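S.K.: Input entry-v6.pdb, format and content: PDB, C-alpha atoms.
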```pdb
ATOM      1  CA  MET A 565     -44.591  80.809 245.317
ATOM      2  CA  GLU A 566     -41.664  78.790 246.680
ATOM      3  CA  SER A 567     -41.580  80.736 249.944
ATOM      4  CA  THR A 568     -45.285  80.035 250.397
ATOM      5  CA  ILE A 569     -44.728  76.298 249.964
ATOM      6  CA  PHE A 570     -41.774  76.336 252.358
ATOM      7  CA  ALA A 571     -43.709  78.448 254.866
ATOM      8  CA  GLN A 572     -46.611  75.992 254.729
ATOM      9  CA  LEU A 573     -44.205  73.053 255.055
ATOM     10  CA  SER A 574     -42.539  74.719 258.056
ATOM     11  CA  LEU A 575     -45.915  75.199 259.759
ATOM     12  CA  VAL A 576     -46.824  71.579 259.106
ATOM     13  CA  ILE A 577     -43.488  70.343 260.506
ATOM     14  CA  ALA A 578     -43.951  72.521 263.597
ATOM     15  CA  ALA A 579     -47.474  71.162 264.079
ATOM     16  CA  VAL A 580     -46.190  67.587 263.655
ATOM     17  CA  ALA A 581     -43.496  68.218 266.269
ATOM     18  CA  VAL A 582     -45.990  69.567 268.816
ATOM     19  CA  VAL A 583     -48.535  66.794 268.242
ATOM     20  CA  SER A 584     -45.767  64.144 268.295
ATOM     21  CA  ILE A 585     -44.592  65.376 271.695
ATOM     22  CA  ILE A 586     -48.169  65.161 272.969
ATOM     23  CA  MET A 587     -48.506  61.630 271.566
ATOM     24  CA  ARG A 588     -45.252  60.594 273.268
ATOM     25  CA  LEU A 589     -46.490  61.978 276.571
ATOM     26  CA  LEU A 590     -49.779  60.108 276.143
ATOM     27  CA  ARG A 591     -47.842  56.966 275.089
ATOM     28  CA  GLN A 592     -49.758  56.727 271.822
ATOM     29  CA  PRO A 593     -48.356  55.598 268.442
ATOM     30  CA  LEU A 594     -46.869  58.423 266.401
ATOM     31  CA  ILE A 595     -48.978  57.464 263.394
ATOM     32  CA  VAL A 596     -52.045  58.629 265.331
ATOM     33  CA  GLY A 597     -50.324  61.971 265.845
ATOM     34  CA  TYR A 598     -49.536  62.235 262.145
ATOM     35  CA  ILE A 599     -53.164  61.595 261.225
ATOM     36  CA  LEU A 600     -54.375  64.126 263.813
ATOM     37  CA  THR A 601     -51.896  66.693 262.496
ATOM     38  CA  GLY A 602     -53.199  66.170 258.968
ATOM     39  CA  ILE A 603     -56.731  66.814 260.186
ATOM     40  CA  LEU A 604     -55.666  69.892 262.172
ATOM     41  CA  VAL A 605     -53.664  71.612 259.415
ATOM     42  CA  GLY A 606     -56.104  70.621 256.664
ATOM     43  CA  PRO A 607     -59.154  72.450 255.384
ATOM     44  CA  SER A 608     -61.397  71.147 258.179
ATOM     45  CA  PHE A 609     -59.702  73.159 260.956
ATOM     46  CA  LEU A 610     -56.710  75.493 260.570
ATOM     47  CA  HIS A 611     -56.490  75.384 256.752
ATOM     48  CA  LEU A 612     -52.719  75.953 256.786
ATOM     49  CA  ILE A 613     -52.217  74.158 253.473
ATOM     50  CA  GLN A 614     -53.243  76.033 250.351
ATOM     51  CA  ASP A 615     -51.080  74.167 247.811
ATOM     52  CA  THR A 616     -52.548  70.683 248.140
ATOM     53  CA  GLY A 617     -50.911  69.408 244.943
ATOM     54  CA  THR A 618     -47.411  69.867 246.327
ATOM     55  CA  PHE A 619     -48.331  68.192 249.603
ATOM     56  CA  GLU A 620     -49.845  65.240 247.737
ATOM     57  CA  GLY A 621     -46.473  64.868 246.029
ATOM     58  CA  PHE A 622     -44.724  64.995 249.405
ATOM     59  CA  SER A 623     -47.067  62.331 250.754
ATOM     60  CA  LYS A 624     -46.310  59.995 247.848
ATOM     61  CA  ILE A 625     -42.586  60.492 248.367
ATOM     62  CA  GLY A 626     -42.996  59.776 252.093
ATOM     63  CA  ILE A 627     -44.916  56.558 251.456
ATOM     64  CA  ALA A 628     -42.358  55.458 248.856
ATOM     65  CA  LEU A 629     -39.495  56.124 251.288
ATOM     66  CA  LEU A 630     -41.244  54.237 254.092
ATOM     67  CA  LEU A 631     -41.810  51.237 251.820
ATOM     68  CA  PHE A 632     -38.196  51.477 250.643
ATOM     69  CA  ILE A 633     -36.959  51.363 254.248
ATOM     70  CA  ILE A 634     -39.182  48.336 254.891
ATOM     71  CA  GLY A 635     -37.777  46.673 251.787
ATOM     72  CA  LEU A 636     -34.245  47.230 253.063
ATOM     73  CA  GLY A 637     -35.151  45.402 256.256
ATOM     74  CA  LEU A 638     -36.758  42.398 254.556
ATOM     75  CA  ASN A 639     -34.722  39.224 254.584
ATOM     76  CA  PHE A 640     -35.715  36.701 251.916
ATOM     77  CA  ASP A 641     -34.352  33.787 253.981
ATOM     78  CA  ILE A 642     -36.808  34.690 256.737
ATOM     79  CA  ILE A 643     -39.624  35.125 254.209
ATOM     80  CA  ARG A 644     -38.880  31.651 252.808
ATOM     81  CA  LYS A 645     -38.765  30.186 256.322
ATOM     82  CA  LEU A 646     -42.049  31.816 257.343
ATOM     83  CA  GLY A 647     -43.723  31.416 253.951
ATOM     84  CA  LYS A 648     -45.889  28.441 254.911
ATOM     85  CA  THR A 649     -47.061  30.021 258.176
ATOM     86  CA  VAL A 650     -47.736  33.362 256.529
ATOM     87  CA  SER A 651     -49.587  31.738 253.622
ATOM     88  CA  ILE A 652     -51.879  29.705 255.868
ATOM     89  CA  VAL A 653     -52.669  32.617 258.185
ATOM     90  CA  ALA A 654     -53.159  35.052 255.294
ATOM     91  CA  ILE A 655     -55.514  32.706 253.425
ATOM     92  CA  LEU A 656     -57.529  32.063 256.598
ATOM     93  CA  GLU A 657     -57.653  35.750 257.523
ATOM     94  CA  ILE A 658     -58.666  36.896 254.052
ATOM     95  CA  SER A 659     -61.292  34.156 253.698
ATOM     96  CA  VAL A 660     -62.861  34.683 257.121
ATOM     97  CA  MET A 661     -62.968  38.483 256.860
ATOM     98  CA  LEU A 662     -64.358  38.329 253.310
ATOM     99  CA  ALA A 663     -67.079  35.919 254.420
ATOM    100  CA  LEU A 664     -67.969  37.902 257.548
ATOM    101  CA  GLY A 665     -68.087  41.174 255.605
ATOM    102  CA  PHE A 666     -70.219  39.589 252.897
ATOM    103  CA  VAL A 667     -72.674  38.108 255.410
ATOM    104  CA  ALA A 668     -72.908  41.382 257.356
ATOM    105  CA  ALA A 669     -73.537  43.379 254.181
ATOM    106  CA  LYS A 670     -76.170  40.891 252.998
ATOM    107  CA  ALA A 671     -77.856  41.138 256.406
ATOM    108  CA  MET A 672     -78.130  44.896 255.786
ATOM    109  CA  GLY A 673     -79.944  44.219 252.522
ATOM    110  CA  MET A 674     -77.151  44.881 250.041
ATOM    111  CA  ALA A 675     -76.895  43.209 246.641
ATOM    112  CA  ASN A 676     -74.374  40.392 246.131
ATOM    113  CA  THR A 677     -71.869  42.556 244.259
ATOM    114  CA  ASP A 678     -72.045  45.338 246.836
ATOM    115  CA  ALA A 679     -71.737  42.828 249.674
ATOM    116  CA  LEU A 680     -68.681  41.299 247.991
ATOM    117  CA  PHE A 681     -67.037  44.732 247.749
ATOM    118  CA  ILE A 682     -67.795  45.432 251.419
ATOM    119  CA  GLY A 683     -66.298  42.075 252.397
ATOM    120  CA  ALA A 684     -63.198  42.743 250.307
ATOM    121  CA  ALA A 685     -62.790  46.225 251.785
ATOM    122  CA  LEU A 686     -62.912  44.815 255.321
ATOM    123  CA  THR A 687     -60.345  42.173 254.424
ATOM    124  CA  PHE A 688     -57.385  44.408 253.716
ATOM    125  CA  SER A 689     -55.357  46.236 256.363
ATOM    126  CA  SER A 690     -53.332  49.407 255.936
ATOM    127  CA  THR A 691     -49.797  48.196 255.380
ATOM    128  CA  ILE A 692     -48.336  51.660 255.866
ATOM    129  CA  ILE A 693     -49.946  52.250 259.257
ATOM    130  CA  ILE A 694     -49.165  48.829 260.699
ATOM    131  CA  VAL A 695     -45.574  48.816 259.463
ATOM    132  CA  LYS A 696     -45.059  52.346 260.798
ATOM    133  CA  VAL A 697     -46.292  51.257 264.242
ATOM    134  CA  LEU A 698     -44.029  48.183 264.164
ATOM    135  CA  ASN A 699     -41.121  50.358 263.051
ATOM    136  CA  ASP A 700     -41.738  52.964 265.772
ATOM    137  CA  LYS A 701     -41.759  50.253 268.435
ATOM    138  CA  ARG A 702     -38.675  48.607 266.855
ATOM    139  CA  GLU A 703     -40.545  45.325 266.583
ATOM    140  CA  GLN A 704     -40.426  44.702 262.839
ATOM    141  CA  THR A 705     -37.462  42.318 263.230
ATOM    142  CA  ARG A 706     -39.180  40.169 265.863
ATOM    143  CA  LEU A 707     -40.874  36.951 264.795
ATOM    144  CA  TYR A 708     -44.447  38.227 265.166
ATOM    145  CA  GLY A 709     -43.486  41.467 263.401
ATOM    146  CA  GLN A 710     -42.072  39.517 260.463
ATOM    147  CA  ILE A 711     -45.157  37.307 260.309
ATOM    148  CA  CYS A 712     -47.348  40.419 260.415
ATOM    149  CA  ILE A 713     -45.398  42.032 257.568
ATOM    150  CA  GLY A 714     -45.641  38.796 255.569
ATOM    151  CA  ILE A 715     -49.427  38.728 256.044
ATOM    152  CA  LEU A 716     -49.635  42.381 255.010
ATOM    153  CA  LEU A 717     -47.640  41.636 251.856
ATOM    154  CA  ALA A 718     -49.978  38.729 251.073
ATOM    155  CA  GLU A 719     -52.965  41.046 251.601
ATOM    156  CA  ASP A 720     -51.380  43.606 249.275
ATOM    157  CA  ILE A 721     -50.970  40.966 246.575
ATOM    158  CA  ALA A 722     -54.593  39.877 247.017
ATOM    159  CA  ALA A 723     -55.733  43.522 246.925
ATOM    160  CA  THR A 724     -53.778  44.110 243.721
ATOM    161  CA  ILE A 725     -55.409  41.090 242.100
ATOM    162  CA  ALA A 726     -58.844  42.233 243.298
ATOM    163  CA  LEU A 727     -58.223  45.701 241.835
ATOM    164  CA  LEU A 728     -57.182  44.140 238.520
ATOM    165  CA  PHE A 729     -60.443  42.191 238.359
ATOM    166  CA  LEU A 730     -62.416  45.270 239.375
ATOM    167  CA  ASP A 731     -60.765  47.352 236.669
ATOM    168  CA  ALA A 732     -61.232  44.589 234.117
ATOM    169  CA  GLY A 733     -64.916  44.361 235.037
ATOM    170  CA  LYS A 734     -65.331  48.071 234.332
ATOM    171  CA  ASN A 735     -63.521  47.768 230.994
ATOM    172  CA  GLY A 736     -65.562  44.906 229.579
ATOM    173  CA  GLY A 737     -64.249  41.847 231.385
ATOM    174  CA  ILE A 738     -61.092  39.825 231.645
ATOM    175  CA  THR A 739     -60.161  36.948 229.369
ATOM    176  CA  PRO A 740     -58.398  33.703 230.294
ATOM    177  CA  VAL A 741     -55.421  34.941 228.258
ATOM    178  CA  ASP A 742     -55.193  38.034 230.485
ATOM    179  CA  ILE A 743     -55.262  35.829 233.588
ATOM    180  CA  GLY A 744     -52.571  33.576 232.112
ATOM    181  CA  LEU A 745     -50.320  36.529 231.268
ATOM    182  CA  LEU A 746     -50.788  37.980 234.741
ATOM    183  CA  ALA A 747     -49.956  34.613 236.363
ATOM    184  CA  ALA A 748     -46.870  34.206 234.150
ATOM    185  CA  LYS A 749     -45.630  37.686 235.085
ATOM    186  CA  GLY A 750     -46.196  36.934 238.771
ATOM    187  CA  ILE A 751     -44.307  33.620 238.554
ATOM    188  CA  LEU A 752     -41.456  35.308 236.678
ATOM    189  CA  LEU A 753     -41.241  38.035 239.309
ATOM    190  CA  ALA A 754     -41.324  35.516 242.181
ATOM    191  CA  THR A 755     -38.600  33.334 240.645
ATOM    192  CA  THR A 756     -36.296  36.245 239.947
ATOM    193  CA  LEU A 757     -36.620  37.497 243.533
ATOM    194  CA  THR A 758     -35.857  34.123 245.132
TER
END
```
Can I see the file as structure tokens?
M.R.:
Amino acid sequence: MESTIFAQLSLVIAAVAVVSIIMRLLRQPLIVGYILTGILVGPSFLHLIQDTGTFEGFSKIGIALLLFIIGLGLNFDIIRKLGKTVSIVAILEISVMLALGFVAAKAMGMANTDALFIGAALTFSSTIIIVKVLNDKREQTRLYGQICIGILLAEDIAATIALLFLDAGKNGGITPVDIGLLAAKGILLATTLT
């Protein structure tokens, strides 16, 4: 069993290397190559991966390591300095995209709740992909890279809150006490980090 997993992992790494070289030659971001490799080695094309459970574990470890590396590069002095700019841009971006998504979904005849979910889905970016592109181009320490990461973190916080409300709606609703406890935990976390 172990040799099968390692053989599959070796094939995937070889495929990633080949596709990454092609992406470099085409001057495309490596993240595009990684996504293409996943499609190629997956069940849709070459079906090189039979043990999907193990690879799902690898993917979670990879995402955790990428976020860990990003965390190592974050400087709280810079976050404090850019906090006002990031907050204003993030609030504007989230509000505008939510409204545009809601209006577009309503124009297609969707119900209010469905339109709200569509608007929320269009609001949030993929932190992993954007940070990986910034990291590959060595631009995450530049001012616009730091602002971008700050906006992504604000979007992640908003997405987490939206998921909490969504989950609470499925489980019978959320009480004001639950909201108060969540806010207190958030304030406690923010004050201990700063």
S.K.: Between atom CA of A:Asn699 and atom CA of A:Leu716, what is the spacing in Å?
M.R.: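 That distance, rounded to one decimal, is 14.2 Å.
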S.K.: Can you spell out as a PyMOL selection string the set of residues that the PyMOL selection byres ((chain A and resi 663-669) around 10) selects in the structure I just provided?
M.R.: chain A and resi 657-662+670-687
S.K.: Can you measure atom CA of A:Ser584 to atom CA of A:Phe622 for me? One decimal in Å is fine.
M.R.: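 So the answer is 18.9 Å.
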S.K.: From the options A:Leu707, A:Leu573, A:Val653, A:Leu646, which residue's atoms come nearest to A:Ser623, counting all atoms listed in the file?
M.R.: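 Among the listed residues, A:Leu573 lies closest to A:Ser623.
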S.K.: Near A:Glu719, within 10 Å and counting all atoms listed in the file, which residues show up once chain neighbours fewer than 6 positions away are dropped, as a list in words?
M.R.: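 The residues satisfying every condition are Ala654, Ile655, Glu657, Ile658, Thr687, Phe688, Ser689, Ser690, Thr691, Ile713 and Ile725 of chain A.
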S.K.: Near A:Ala581, within 12 Å and counting all atoms listed in the file, which residues show up once chain neighbours fewer than 4 positions away are dropped, as an NGL selection string?
M.R.: :A and (574-577 or 585-588 or 594 or 597-598 or 600-601)
S.K.: Evaluate the PyMOL selection byres ((chain A and resi 695) around 12) and record the selected residues as a ChimeraX atom specification, following the chain and residue labels used in the document.
M.R.: /A:593-595,627,630-635,637-638,689-694,696-705,709-717
S.K.: From the list A:Val580, A:Ala571, A:Leu589, A:Leu629, which residue is nearest A:Gly602 when using all atoms listed in the file?
M.R.: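 Counting all atoms listed in the file, the residue closest to A:Gly602 is A:Val580.
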S.K.: Expressed in Å to a single decimal, how great is the separation between atom CA of A:Thr649 and atom CA of A:Leu752?
M.R.: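 Those two atoms sit 22.8 Å apart.
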S.K.: Pick from A:Ala722, A:Leu728, A:Ala579, A:Ala628: nearest to A:Val605, with only C-alpha atoms counted?
M.R.: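 Looking at the shortest contact to A:Val605, the residue is A:Ala579.
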S.K.: Would you write out, as a PyMOL selection string, every residue that the PyMOL selection byres ((chain A and resi 619) around 12) captures in this file?
M.R.: chain A and resi 569-570+572-573+576+602+605-606+612-618+620-626
